[in-house]
$ cat run-v2.csv   # CSV, C-alpha atoms
chain,number,residue,atom,x,y,z
A,1,MET,CA,159.6,-164.8,203.8
A,2,ASN,CA,157.7,-162.6,201.5
A,3,ALA,CA,160.1,-160.3,199.6
A,4,ILE,CA,159.2,-157.7,196.9
A,5,ILE,CA,161.6,-158.2,194.0
A,6,THR,CA,162.4,-155.0,192.1
A,7,LYS,CA,164.8,-154.4,189.2
A,8,TRP,CA,166.8,-151.2,189.2
A,9,ILE,CA,169.5,-149.4,187.1
A,10,CYS,CA,172.5,-147.9,188.7
A,11,ALA,CA,175.9,-146.6,187.5
A,12,ALA,CA,178.6,-149.2,187.2
A,13,GLY,CA,181.1,-149.4,190.1
A,14,MET,CA,178.6,-149.1,192.9
A,15,ALA,CA,180.2,-149.6,196.3
A,16,SER,CA,178.8,-151.9,199.0
A,17,LEU,CA,178.0,-150.0,202.2
A,18,THR,CA,177.2,-151.2,205.7
A,19,LEU,CA,173.8,-150.4,207.3
A,20,THR,CA,175.4,-148.4,210.1
A,21,GLY,CA,178.5,-146.3,210.3
A,22,CYS,CA,179.8,-142.8,210.4
A,23,GLY,CA,179.0,-140.1,207.8
A,24,SER,CA,180.9,-137.0,206.6
A,25,GLY,CA,179.4,-133.5,206.3
A,26,GLU,CA,175.7,-134.0,205.8
A,27,THR,CA,176.1,-137.4,204.1
A,28,TYR,CA,175.0,-140.0,206.6
A,29,PRO,CA,174.2,-143.7,206.5
A,30,MET,CA,170.5,-144.5,207.0
A,31,ALA,CA,171.0,-145.9,210.5
A,32,SER,CA,173.8,-143.9,212.0
A,33,ALA,CA,174.0,-142.0,215.3
A,34,GLU,CA,175.1,-138.9,213.4
A,35,GLY,CA,172.2,-139.2,210.9
A,36,LEU,CA,169.6,-139.6,213.7
A,37,ALA,CA,171.1,-136.6,215.5
A,38,LYS,CA,170.7,-134.6,212.2
A,39,ILE,CA,167.1,-135.7,211.8
A,40,ARG,CA,166.3,-134.6,215.4
A,41,GLU,CA,168.1,-131.3,214.9
A,42,LEU,CA,166.3,-130.4,211.7
A,43,VAL,CA,162.9,-131.4,213.1
A,44,ALA,CA,163.4,-129.5,216.4
A,45,GLU,CA,164.6,-126.4,214.5
A,46,HIS,CA,161.6,-126.3,212.2
A,47,VAL,CA,158.7,-127.6,214.4
A,48,ASP,CA,157.9,-126.0,217.7
A,49,THR,CA,156.7,-128.9,219.8
A,50,THR,CA,155.2,-126.5,222.3
A,51,LYS,CA,152.7,-125.5,219.6
A,52,TYR,CA,152.5,-128.6,217.4
A,53,LYS,CA,152.2,-132.4,217.9
A,54,ILE,CA,154.4,-134.4,215.7
A,55,TYR,CA,152.9,-137.8,214.8
A,56,THR,CA,155.2,-139.2,212.1
A,57,VAL,CA,158.9,-138.8,211.2
A,58,GLU,CA,160.2,-140.9,208.3
A,59,TRP,CA,163.5,-140.9,206.3
A,60,ARG,CA,164.5,-142.6,203.1
A,61,GLU,CA,167.6,-143.3,201.1
A,62,ASP,CA,168.1,-142.0,197.5
A,63,ASN,CA,165.8,-143.7,195.1
A,64,ARG,CA,167.5,-142.6,191.9
A,65,ASP,CA,171.1,-143.0,190.7
A,66,ARG,CA,172.5,-143.6,194.2
A,67,GLN,CA,169.8,-146.1,195.3
A,68,LEU,CA,171.1,-148.9,197.5
A,69,GLU,CA,174.1,-146.8,198.7
A,70,ASN,CA,172.4,-146.4,202.1
A,71,ILE,CA,172.6,-142.6,202.1
A,72,LEU,CA,170.1,-140.6,204.1
A,73,THR,CA,168.5,-138.4,201.5
A,74,HIS,CA,164.8,-137.5,202.4
A,75,ILE,CA,163.2,-136.6,205.7
A,76,ASP,CA,159.4,-136.2,206.1
A,77,VAL,CA,157.6,-134.9,209.1
A,78,TYR,CA,153.8,-134.8,209.8
A,79,TYR,CA,152.3,-132.8,212.6
A,80,LEU,CA,149.1,-131.1,214.0
A,81,ASP,CA,148.3,-127.7,215.4
A,82,ALA,CA,145.8,-126.8,218.1
A,83,ASP,CA,143.2,-126.0,215.5
A,84,ASN,CA,143.4,-129.6,214.1
A,85,ASN,CA,145.3,-128.5,211.0
A,86,ASP,CA,147.7,-131.1,209.5
A,87,TYR,CA,151.1,-130.1,208.2
A,88,TYR,CA,153.7,-131.8,206.1
A,89,LEU,CA,157.4,-130.8,206.1
A,90,SER,CA,160.0,-132.3,203.8
A,91,PHE,CA,163.8,-132.1,203.8
A,92,GLN,CA,166.0,-133.2,200.9
A,93,LEU,CA,169.7,-133.6,200.6
A,94,THR,CA,170.7,-131.2,197.9
A,95,ASP,CA,174.3,-130.4,197.0
A,96,GLY,CA,175.5,-131.9,200.3
A,97,LYS,CA,173.0,-129.9,202.5
A,98,PHE,CA,169.5,-130.7,203.8
A,99,THR,CA,167.1,-128.1,202.5
A,100,THR,CA,163.3,-127.5,202.8
A,101,ASP,CA,160.7,-125.3,201.2
A,102,GLY,CA,158.8,-125.1,204.4
A,103,PRO,CA,155.7,-126.7,205.7
A,104,GLU,CA,152.6,-127.4,203.6
A,105,ARG,CA,149.2,-127.3,205.3
A,106,ASP,CA,146.4,-129.8,204.4
A,107,ASP,CA,143.2,-128.2,203.3
A,108,ARG,CA,141.2,-130.8,205.3
A,109,GLN,CA,140.9,-131.2,209.1
A,110,ILE,CA,140.8,-134.9,209.8
A,111,ASN,CA,142.8,-135.4,213.0
A,112,SER,CA,142.3,-134.3,216.6
A,113,TYR,CA,145.1,-132.4,218.2
A,114,ALA,CA,143.6,-132.7,221.7
A,115,CYS,CA,143.3,-136.5,221.6
A,116,SER,CA,146.5,-137.4,219.7
A,117,THR,CA,149.7,-138.4,221.5
A,118,PRO,CA,152.8,-136.6,220.2
A,119,LEU,CA,155.8,-138.6,218.9
A,120,SER,CA,158.8,-137.8,221.1
A,121,LEU,CA,162.0,-137.2,219.1
A,122,ASP,CA,163.8,-139.1,221.8
A,123,ALA,CA,162.1,-142.3,220.5
A,124,ILE,CA,164.3,-142.0,217.4
A,125,ASP,CA,167.2,-143.6,219.2
A,126,PHE,CA,170.3,-145.2,217.7
A,127,ASP,CA,170.5,-148.1,220.1
A,128,TYR,CA,166.8,-149.0,219.4
A,129,LEU,CA,167.4,-148.6,215.7
A,130,GLN,CA,170.4,-150.9,215.8
A,131,GLN,CA,168.4,-153.4,217.8
A,132,ILE,CA,165.5,-153.7,215.4
A,133,GLY,CA,167.8,-153.7,212.4
A,134,ASP,CA,169.7,-156.7,213.9
A,135,ARG,CA,166.5,-158.5,214.7
A,136,ALA,CA,165.1,-157.9,211.3
A,137,ASP,CA,168.2,-159.1,209.5
A,138,ALA,CA,168.2,-162.2,211.8
A,139,LEU,CA,164.7,-163.0,210.6
A,140,VAL,CA,165.7,-162.8,207.0
A,141,MET,CA,168.8,-165.0,207.6
A,142,SER,CA,166.7,-167.6,209.4
A,143,ASP,CA,164.8,-168.2,206.2
A,144,GLU,CA,166.3,-170.7,203.6
A,145,LYS,CA,166.0,-168.1,200.8
A,146,GLY,CA,167.4,-165.4,203.1
A,147,LYS,CA,170.6,-167.2,203.7
A,148,HIS,CA,171.6,-166.4,200.1
A,149,LEU,CA,171.1,-162.6,200.5
A,150,THR,CA,173.4,-159.8,201.5
A,151,LEU,CA,172.1,-156.7,203.3
A,152,LYS,CA,172.7,-153.7,201.1
A,153,SER,CA,170.8,-150.8,202.5
A,154,ALA,CA,167.8,-149.5,204.5
A,155,GLY,CA,165.2,-148.1,202.2
A,156,ILE,CA,163.0,-146.3,204.7
A,157,PHE,CA,162.3,-145.9,208.4
A,158,ARG,CA,159.0,-144.6,209.7
A,159,PHE,CA,158.4,-143.7,213.4
A,160,GLN,CA,154.7,-143.0,214.1
A,161,ILE,CA,152.1,-142.7,216.7
A,162,TRP,CA,148.8,-142.7,214.8
A,163,PRO,CA,146.8,-139.5,215.4
A,164,VAL,CA,143.2,-139.9,216.6
A,165,SER,CA,140.8,-138.9,213.8
A,166,LEU,CA,138.1,-136.4,214.5
A,167,SER,CA,135.6,-139.2,213.7
A,168,ASN,CA,137.0,-141.3,216.6
A,169,VAL,CA,137.0,-138.6,219.3
A,170,ASP,CA,133.8,-140.0,221.0
A,171,ARG,CA,135.4,-143.5,221.0
A,172,TRP,CA,138.5,-142.0,222.5
A,173,ASN,CA,136.5,-140.4,225.2
A,174,ARG,CA,134.6,-143.6,226.0
A,175,SER,CA,137.3,-146.3,225.8
A,176,GLU,CA,140.4,-146.5,227.9
A,177,GLU,CA,141.5,-149.4,225.8
A,178,TYR,CA,141.3,-147.3,222.6
A,179,ARG,CA,143.1,-144.4,224.4
A,180,GLU,CA,145.9,-146.7,225.3
A,181,GLU,CA,146.0,-148.2,221.8
A,182,SER,CA,146.3,-144.7,220.3
A,183,ARG,CA,149.4,-143.9,222.4
A,184,GLN,CA,151.5,-146.8,221.0
A,185,LEU,CA,154.6,-146.2,218.9
A,186,GLU,CA,154.8,-148.1,215.7
A,187,VAL,CA,157.9,-148.4,213.6
A,188,GLN,CA,157.9,-149.5,209.9
A,189,PHE,CA,161.0,-150.0,207.9
A,190,GLU,CA,162.4,-151.7,204.8
A,191,LEU,CA,165.8,-153.5,204.3
A,192,ASN,CA,167.2,-154.1,200.8
A,193,TYR,CA,169.2,-157.2,199.9
A,194,VAL,CA,171.0,-158.4,196.9
A,195,ASP,CA,171.8,-162.0,195.9
A,196,GLU,CA,175.5,-162.1,195.3
A,197,SER,CA,175.1,-165.3,193.2
A,198,GLU,CA,173.0,-163.5,190.6
A,199,SER,CA,175.0,-162.0,187.7
A,200,PRO,CA,174.2,-158.4,186.9
A,201,GLU,CA,173.3,-157.3,183.4
A,202,TYR,CA,175.2,-154.6,181.6
A,203,GLN,CA,173.7,-152.0,179.4
A,204,GLY,CA,176.4,-149.7,178.1
A,205,ARG,CA,177.8,-147.9,181.2
A,206,PHE,CA,175.0,-149.0,183.4
A,207,THR,CA,174.6,-152.1,185.6
A,208,VAL,CA,171.1,-153.6,186.0
A,209,THR,CA,170.8,-155.4,189.3
A,210,ASN,CA,167.9,-157.2,191.1
A,211,TYR,CA,167.4,-156.3,194.7
A,212,TYR,CA,165.0,-157.7,197.3
A,213,THR,CA,163.0,-155.5,199.7
A,214,VAL,CA,161.7,-156.9,202.9
A,215,ALA,CA,159.3,-154.8,205.0
A,216,PHE,CA,159.1,-155.0,208.8
A,217,THR,CA,157.1,-153.6,211.7
A,218,ALA,CA,158.5,-153.0,215.2
A,219,ASN,CA,157.0,-151.9,218.5
A,220,ALA,CA,158.4,-149.8,221.3
A,221,ALA,CA,159.8,-152.9,223.0
A,222,GLY,CA,161.8,-153.7,219.9
A,223,GLU,CA,159.9,-156.8,218.8
A,224,VAL,CA,160.1,-157.2,215.0
A,225,SER,CA,157.9,-159.0,212.5
A,226,ILE,CA,158.0,-159.3,208.7
A,227,ASP,CA,155.1,-157.7,207.0
A,228,ASN,CA,153.0,-159.9,204.7
$ encode --input "run-v2.csv" --output "structure tokens"
Amino acid sequence: MNAIITKWICAAGMASLTLTGCGSGETYPMASAEGLAKIRELVAEHVDTTKYKIYTVEWREDNRDRQLENILTHIDVYYLDADNNDYYLSFQLTDGKFTTDGPERDDRQINSYACSTPLSLDAIDFDYLQQIGDRADALVMSDEKGKHLTLKSAGIFRFQIWPVSLSNVDRWNRSEEYREESRQLEVQFELNYVDESESPEYQGRFTVTNYYTVAFTANAAGEVSIDN
């Protein structure tokens, strides 16, 4: 198992949370049915899929003072219009509500709207997410080092159907194999673990803790592999 080891600082008294569960208000666990419903709601409200093709939706937990608390905090959406313009839309949990400053348009045109397959919001499904999360955790636990780790949070989930670049349009037109490849869903995600046998360090009112991030890739069938 190849794990990235990172040291972080958090306020003392951090609570241990499960990967899935129920949220309250607009505070949701990273992999909860309520959180996924909120993601789909926000994206559908701000991106008209009759005019745009979404190709990436990703969400992340807090990476500051509430890191490892498994709280859905950031949502990013990438999409195209019919003129091959790329857009980026970001939501952030602020004072208990998800807010956005609206979309940003890229100055460059690098992807083909006509050739790209849109990502369906229905693909962001709780049962699927639970399935790949369980399989990923089982992979970690099957490793000798992983047996000493405790799942703390999900750091990021990214659902994506790679857009076809303008430079590959001719290839897309010629090759059925490439067209099929360009339609495939790819899911990337990271799980964060702590080793309960490691003693934390104390710096005043702060606790310094090591955590271990393991990155995974999954396909539409729910097959999961650890990224090297």
$ closest_residue --input "run-v2.csv" --among "A:Leu68, A:Leu42, A:Leu36, A:Ala114" --to "Leu80 in chain A" --atoms "all atoms listed in the file"
A:Ala114
$ atom_distance --input "run-v2.csv" --atom1 "CA of Leu93 in chain A" --atom2 "CA of Thr27 in chain A"
8.2 Å
$ closest_residue --input "run-v2.csv" --among "A:Tyr55, A:Tyr212, A:Phe206, A:Tyr28" --to "Ile71 in chain A" --atoms "all atoms listed in the file"
A:Tyr28
$ atom_distance --input "run-v2.csv" --atom1 "CA of Val224 in chain A" --atom2 "CA of Ala136 in chain A"
6.3 Å
$ atom_distance --input "run-v2.csv" --atom1 "CA of Asn111 in chain A" --atom2 "CA of Ala44 in chain A"
21.7 Å
